[in-house]
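What follows is a single structure, written as structure tokens, with notes after it.
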Amino acid sequence: MTRNPSEHTLAPGLYIVATPIGNLGDITLRAVDVLKNCDLVACEDTRVAGKLLKHLGISKPLRRYDDHSDASARTRLVDAMRTEAVALISDAGTPLISDPGYRLVVDARQQDIPVTTLPGACAAIAGLTLSGLPNDRFLFAGFLPSKEKARSEMLAQLSGIDATLIFYETGPRLVKSLHAIERELPQRTVSVARELTKLHEEARTDEPAILADHYTAHPPKGEIVLLVGPPPPAETSEMEADALLMKALETLKTSQAAAEVARKTGLDRKTLYVRAMELRGK
């Protein structure tokens, strides 16, 4: 392959390249550099990839690789990586997050082919940061099933996880999913993040029933990040609180014990401190 003088040679291997999810300005300088200097771009849709490369002023051979690609297509890409730099991109965001790149990475690593990742835009993380929901612990669970029974079963399986849940969803299925969350995950705060990084970006955070009413009246389009806040803290009886305080007081100072139990139960720290002083006195 003939290269322009401004290009430099990339070592053969697989390059996982994150692309913008809406605003084309969100592509990184490193991603542009790799796309300019790679030998081949593997992509979900050659039309979508072609638009991005045209915007960047780049022309590269494109090879489709998506959920419908068979093992032989994956083998051809892995074979190409032995002598060429192959960039893997998704239609939008970070490859492998709800797309088929996982198997390609596994095969490349099994063949001792170098794999390099270029971090960048990711709708799940963008939605989380915008939602106002707790972000110290979260679980990304991909797309919810399209069938009602399977969707309810999946939500029920995740109900006990003490973390913010992140799903991808489509506009036509959003209201059904909100109703399912209302049934299966009661008392949860939900956020719908859409049009991320675009002009009309929004994140509506409310009760699922209220959000369902809104999006019934204003049907959304495109792909959506659907987030569900963690379950509310379970109510703790006075006896349970005392037991937790006594246990904490075995190794911690009074103030530290009160803070520790407050963190675990959601009870008021000052009230727990007073009770801890009483228990220590006894």
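We label chains A, B, ... in the order they appear in the structure tokens, count residues from 1 in each chain, and number ligands from 1 in the order shown.
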
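Note that DSSP on the backbone gives strand (DSSP E) to these residues of region 31-165 of chain A: Leu40, Val41, Ala42, Cys43, Leu62, Arg63, Arg64, Ala85, Val86, Ala87, Leu88, Val115, Thr116, Thr117, Leu118, Phe138, Leu139, Phe140, Ala141, Gly142, Phe143, Thr164 and Leu165 of chain A.
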
Enumerate as a compact mmCIF listing (two decimals) with C-alpha atoms, in the first residue's frame all residues of region 51-176 of chain A assigned to alpha helix (DSSP H) by DSSP on the backbone, naming them with the chain letters and numbers the document uses.
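Full text of out.txt as output:
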```txt
# COMPACT_ATOMS: atom_id res chain seq x y z
CA LYS A 51 -19.38 9.23 6.47
CA LEU A 52 -17.08 9.52 9.47
CA LEU A 53 -13.93 8.97 7.42
CA LYS A 54 -15.09 11.46 4.79
CA HIS A 55 -15.66 14.03 7.54
CA LEU A 56 -12.10 13.42 8.72
CA ALA A 71 -16.45 -17.14 11.81
CA SER A 72 -14.76 -17.04 8.41
CA ALA A 73 -15.07 -13.25 8.29
CA ARG A 74 -13.46 -13.06 11.71
CA THR A 75 -10.67 -15.41 10.61
CA ARG A 76 -9.91 -13.23 7.57
CA LEU A 77 -9.62 -10.16 9.77
CA VAL A 78 -7.34 -11.94 12.23
CA ASP A 79 -5.16 -13.13 9.34
CA ALA A 80 -4.92 -9.55 8.08
CA MET A 81 -3.75 -8.38 11.51
CA GLY A 101 -16.06 -7.00 18.69
CA TYR A 102 -15.60 -9.20 21.75
CA ARG A 103 -15.08 -12.37 19.74
CA LEU A 104 -12.61 -10.63 17.44
CA VAL A 105 -10.51 -9.52 20.40
CA VAL A 106 -10.59 -13.03 21.89
CA ASP A 107 -9.38 -14.60 18.63
CA ALA A 108 -6.65 -11.99 18.19
CA ARG A 109 -5.33 -12.52 21.72
CA GLN A 110 -5.40 -16.28 21.30
CA ALA A 123 -23.04 6.36 25.62
CA ALA A 124 -23.41 4.36 28.84
CA ILE A 125 -20.87 6.47 30.70
CA ALA A 126 -22.15 9.72 29.19
CA GLY A 127 -25.68 8.87 30.30
CA LEU A 128 -24.49 7.98 33.81
CA THR A 129 -22.65 11.26 34.27
CA LEU A 130 -25.68 13.23 33.07
CA SER A 131 -28.36 11.37 35.05
CA GLU A 148 -42.23 -8.81 27.88
CA LYS A 149 -41.66 -12.04 29.83
CA ALA A 150 -37.92 -12.09 29.21
CA ARG A 151 -37.65 -8.39 30.01
CA SER A 152 -39.44 -8.85 33.36
CA GLU A 153 -37.29 -11.87 34.21
CA MET A 154 -34.09 -9.96 33.52
CA LEU A 155 -35.16 -7.03 35.69
CA ALA A 156 -36.15 -9.41 38.49
CA GLN A 157 -32.69 -11.04 38.32
CA LEU A 158 -31.03 -7.63 38.70
CA LEU A 174 -38.88 2.71 25.87
CA VAL A 175 -42.38 3.07 27.38
CA LYS A 176 -42.82 -0.70 27.72
```

Exercise. Leaving out Arg137 (chain A) and any residue of its chain fewer than 2 positions from it, which residues lie within 7 Å of it when counting only C-alpha atoms, given as a PyMOL selection string?
Worked result: chain A and resi 135+163-164

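Taking CA of Pro145 (chain A) and CA of Ala180 (chain A) as endpoints, the distance between them is 11.2 Å.
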
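CA of Val225 (chain A) to CA of Arg64 (chain A) spans 25.5 Å [interatomic distance, one decimal].
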
For this session: For region 243-258 of chain A, work out the shell of residues within 8 Å, counting only C-alpha atoms and skipping chain neighbours fewer than 6 positions away, then give it as a ChimeraX atom specification.
Result: /A:269-270,272-273,276-277,279-280
